[in-house]
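Chemist: Before I ask anything, here is the structure I am working with.
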Amino acid sequence: MQLAIQHPAFKEQRLVVETARWFRRPRLLLNGTVVPKKKGRYTVAADSGTEISIQMKYNYLDPIPKVKVGEETAELASPFKWYEYVWIGIPIVLVFSGGAIGGLVGAIGATASGRVFRSDRGSFAKYGLSAAISLGAFVAFVILATVFQSIVGTPHK
């Protein structure tokens, strides 16, 4: 998904954030070209020709980063509410009961729920899909843990 950054310094140019994907962080594009990141920042030429520093702060639960253009914050999407973070984070509970396997499955489930909450679906669909993802993560954990236990846990004679 691409989100345009609305900023007065970029009225003639198209400054866009491409949201995170499963194995890739968000990217910044200027007029369709990926802007390289240097030392945690992106430097781009504004319409006036002056260089402006852009920072993107990204967390793994939310595919839409927070963007800071110069000293101003550009609002790409409203931040998740606390209860949305709680709902998204339900699969993370698997970390406490399942160690590494639970952590992996829980992180994948939480990331998937975050993407669902950033989709254009209605609230009922978002919560329903997120619940299905959490349930699926729990089932996947049980299956993986059982398989792992049968492979590793059986003593050889």
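By convention in this document, the chains of the structure tokens carry letters A, B, ... by their order, each chain's residues are numbered from 1, and ligands are numbered from 1 in the order they are shown.
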As a PDB file with C-alpha atoms, in the first residue's frame, which residues of stretch 1-107 of chain A does DSSP assign to strand (DSSP E)?
Modeler:
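Result file selection.pdb:
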ATOM      1  CA  GLN A   2       1.302   3.466  -0.844  1.00  0.00           C
ATOM      2  CA  LEU A   3       0.433   6.544   1.210  1.00  0.00           C
ATOM      3  CA  ALA A   4       1.177  10.054  -0.030  1.00  0.00           C
ATOM      4  CA  LEU A  15       6.546  11.874  -1.826  1.00  0.00           C
ATOM      5  CA  VAL A  16       5.147   8.474  -0.854  1.00  0.00           C
ATOM      6  CA  VAL A  17       5.594   5.878   1.884  1.00  0.00           C
ATOM      7  CA  GLU A  18       5.224   2.278   0.842  1.00  0.00           C
ATOM      8  CA  ARG A  27      10.187   2.436   2.018  1.00  0.00           C
ATOM      9  CA  LEU A  28      10.221   6.091   1.033  1.00  0.00           C
ATOM     10  CA  LEU A  29       9.702   6.960  -2.626  1.00  0.00           C
ATOM     11  CA  LEU A  30      10.187  10.318  -4.319  1.00  0.00           C
ATOM     12  CA  THR A  33      12.095   6.186  -7.058  1.00  0.00           C
ATOM     13  CA  VAL A  34      13.160   4.522  -3.804  1.00  0.00           C
ATOM     14  CA  TYR A  42      16.394   9.872   4.255  1.00  0.00           C
ATOM     15  CA  THR A  43      17.597  13.060   2.582  1.00  0.00           C
ATOM     16  CA  VAL A  44      15.468  14.380  -0.281  1.00  0.00           C
ATOM     17  CA  ALA A  45      15.388  17.557  -2.341  1.00  0.00           C
ATOM     18  CA  GLU A  51      17.549  19.179   1.154  1.00  0.00           C
ATOM     19  CA  ILE A  52      15.143  17.973   3.825  1.00  0.00           C
ATOM     20  CA  SER A  53      15.754  15.149   6.273  1.00  0.00           C
ATOM     21  CA  ILE A  54      12.989  12.580   6.702  1.00  0.00           C
ATOM     22  CA  GLN A  55      12.761   9.977   9.458  1.00  0.00           C
ATOM     23  CA  MET A  56      10.441   6.984   9.623  1.00  0.00           C
ATOM     24  CA  LYS A  57       9.712   5.261  12.931  1.00  0.00           C
ATOM     25  CA  TYR A  58       8.347   1.773  12.479  1.00  0.00           C
ATOM     26  CA  ASN A  59       7.078  -0.869  14.877  1.00  0.00           C
ATOM     27  CA  ASP A  62       1.820  -1.395  12.643  1.00  0.00           C
ATOM     28  CA  PRO A  63       2.789  -1.510   8.946  1.00  0.00           C
ATOM     29  CA  ILE A  64       2.318   2.277   8.644  1.00  0.00           C
ATOM     30  CA  PRO A  65       5.314   4.175  10.037  1.00  0.00           C
ATOM     31  CA  LYS A  66       5.313   7.541  11.755  1.00  0.00           C
ATOM     32  CA  VAL A  67       6.997  10.062   9.451  1.00  0.00           C
ATOM     33  CA  LYS A  68       8.892  13.186  10.446  1.00  0.00           C
ATOM     34  CA  VAL A  69       9.619  15.641   7.607  1.00  0.00           C
ATOM     35  CA  GLU A  72       7.179  18.397  11.413  1.00  0.00           C
ATOM     36  CA  THR A  73       5.338  15.117  11.886  1.00  0.00           C
ATOM     37  CA  ALA A  74       3.283  14.018   8.879  1.00  0.00           C
TER      38      ALA A  74
END
Chemist: Which neighbours of A:Val105 fall inside 8 Å, counting only C-alpha atoms, when residues of the same chain fewer than 4 positions from it are skipped, and could you give them as a compact mmCIF listing (two decimals) with N, CA, C and O atoms, in the first residue's frame?
Modeler:
# COMPACT_ATOMS: atom_id res chain seq x y z
N PRO A 91 -1.95 -12.85 20.34
CA PRO A 91 -1.11 -14.01 20.05
C PRO A 91 0.25 -13.99 20.76
O PRO A 91 0.87 -15.04 20.93
N LEU A 94 1.39 -16.44 23.57
CA LEU A 94 2.01 -17.74 23.31
C LEU A 94 3.48 -17.76 23.72
O LEU A 94 4.03 -18.83 23.99
N ILE A 101 8.96 -21.45 20.01
CA ILE A 101 7.90 -21.77 19.04
C ILE A 101 6.70 -20.84 19.27
O ILE A 101 6.14 -20.29 18.33
N GLY A 109 1.33 -14.06 14.24
CA GLY A 109 -0.09 -13.77 14.43
C GLY A 109 -0.34 -12.30 14.75
O GLY A 109 -1.26 -11.68 14.22
N ALA A 137 -3.31 -18.99 15.32
CA ALA A 137 -1.96 -19.02 15.90
C ALA A 137 -1.88 -20.03 17.03
O ALA A 137 -0.91 -20.78 17.14
N PHE A 138 -2.93 -20.08 17.86
CA PHE A 138 -2.94 -21.05 18.95
C PHE A 138 -2.95 -22.48 18.42
O PHE A 138 -2.20 -23.35 18.88
N ALA A 140 -1.91 -23.51 15.44
CA ALA A 140 -0.61 -23.75 14.81
C ALA A 140 0.46 -24.04 15.86
O ALA A 140 1.30 -24.93 15.68
N PHE A 141 0.41 -23.30 16.97
CA PHE A 141 1.36 -23.54 18.06
C PHE A 141 1.21 -24.96 18.61
O PHE A 141 2.19 -25.67 18.81
Chemist: Find the residue from A:Ala20, A:Ile92, A:Ala46, A:Val116 that sits nearest to A:Leu129; use only C-alpha atoms when measuring.
Modeler: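 For A:Leu129, the nearest of the candidates is A:Val116.
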Chemist: Skipping near chain neighbours, those fewer than 4 positions away, what residues fall within 10 Å of A:Trp22 using only C-alpha atoms, listed as a PyMOL selection string?
Modeler: chain A and resi 60+63+108+111-112+115
Chemist: Report the residues of stretch 27-156 of chain A whose backbone DSSP state falls under alpha helix (DSSP H), written as a PyMOL selection string.
Modeler: chain A and resi 82-88+94-117+123-152
Chemist: For a test of reading the model, state the distance in Å between atom CA of A:Ser134 and atom CA of A:Ser150, rounded to one decimal.
Modeler: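 Pair atom CA of A:Ser134 / atom CA of A:Ser150 returns 24.3 Å.
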Chemist: Can you tell me, as JSON, numbers by chain, what residues are no more than 12 Å from A:Lys81 when counting only C-alpha atoms, ignoring any on the same chain fewer than 4 positions away?
Modeler: {"A": [62, 77, 85, 86, 87, 88, 114, 117]}
Chemist: How many Å lie between atom CA of A:Ala145 and atom CA of A:Ala131, rounded to one decimal?
Modeler: 21.0 Å
Chemist: To one decimal place in Å, what is the distance between atom CA of A:Lys126 and atom CA of A:Glu84?
Modeler: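 About the pair atom CA of A:Lys126 and atom CA of A:Glu84: they are 10.1 Å apart.
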Chemist: For stretch 8-10 of chain A, work out the shell of residues within 8 Å, counting only C-alpha atoms and skipping chain neighbours fewer than 2 positions away, then give it as a PyMOL selection string.
Modeler: chain A and resi 6+12-15+46-48
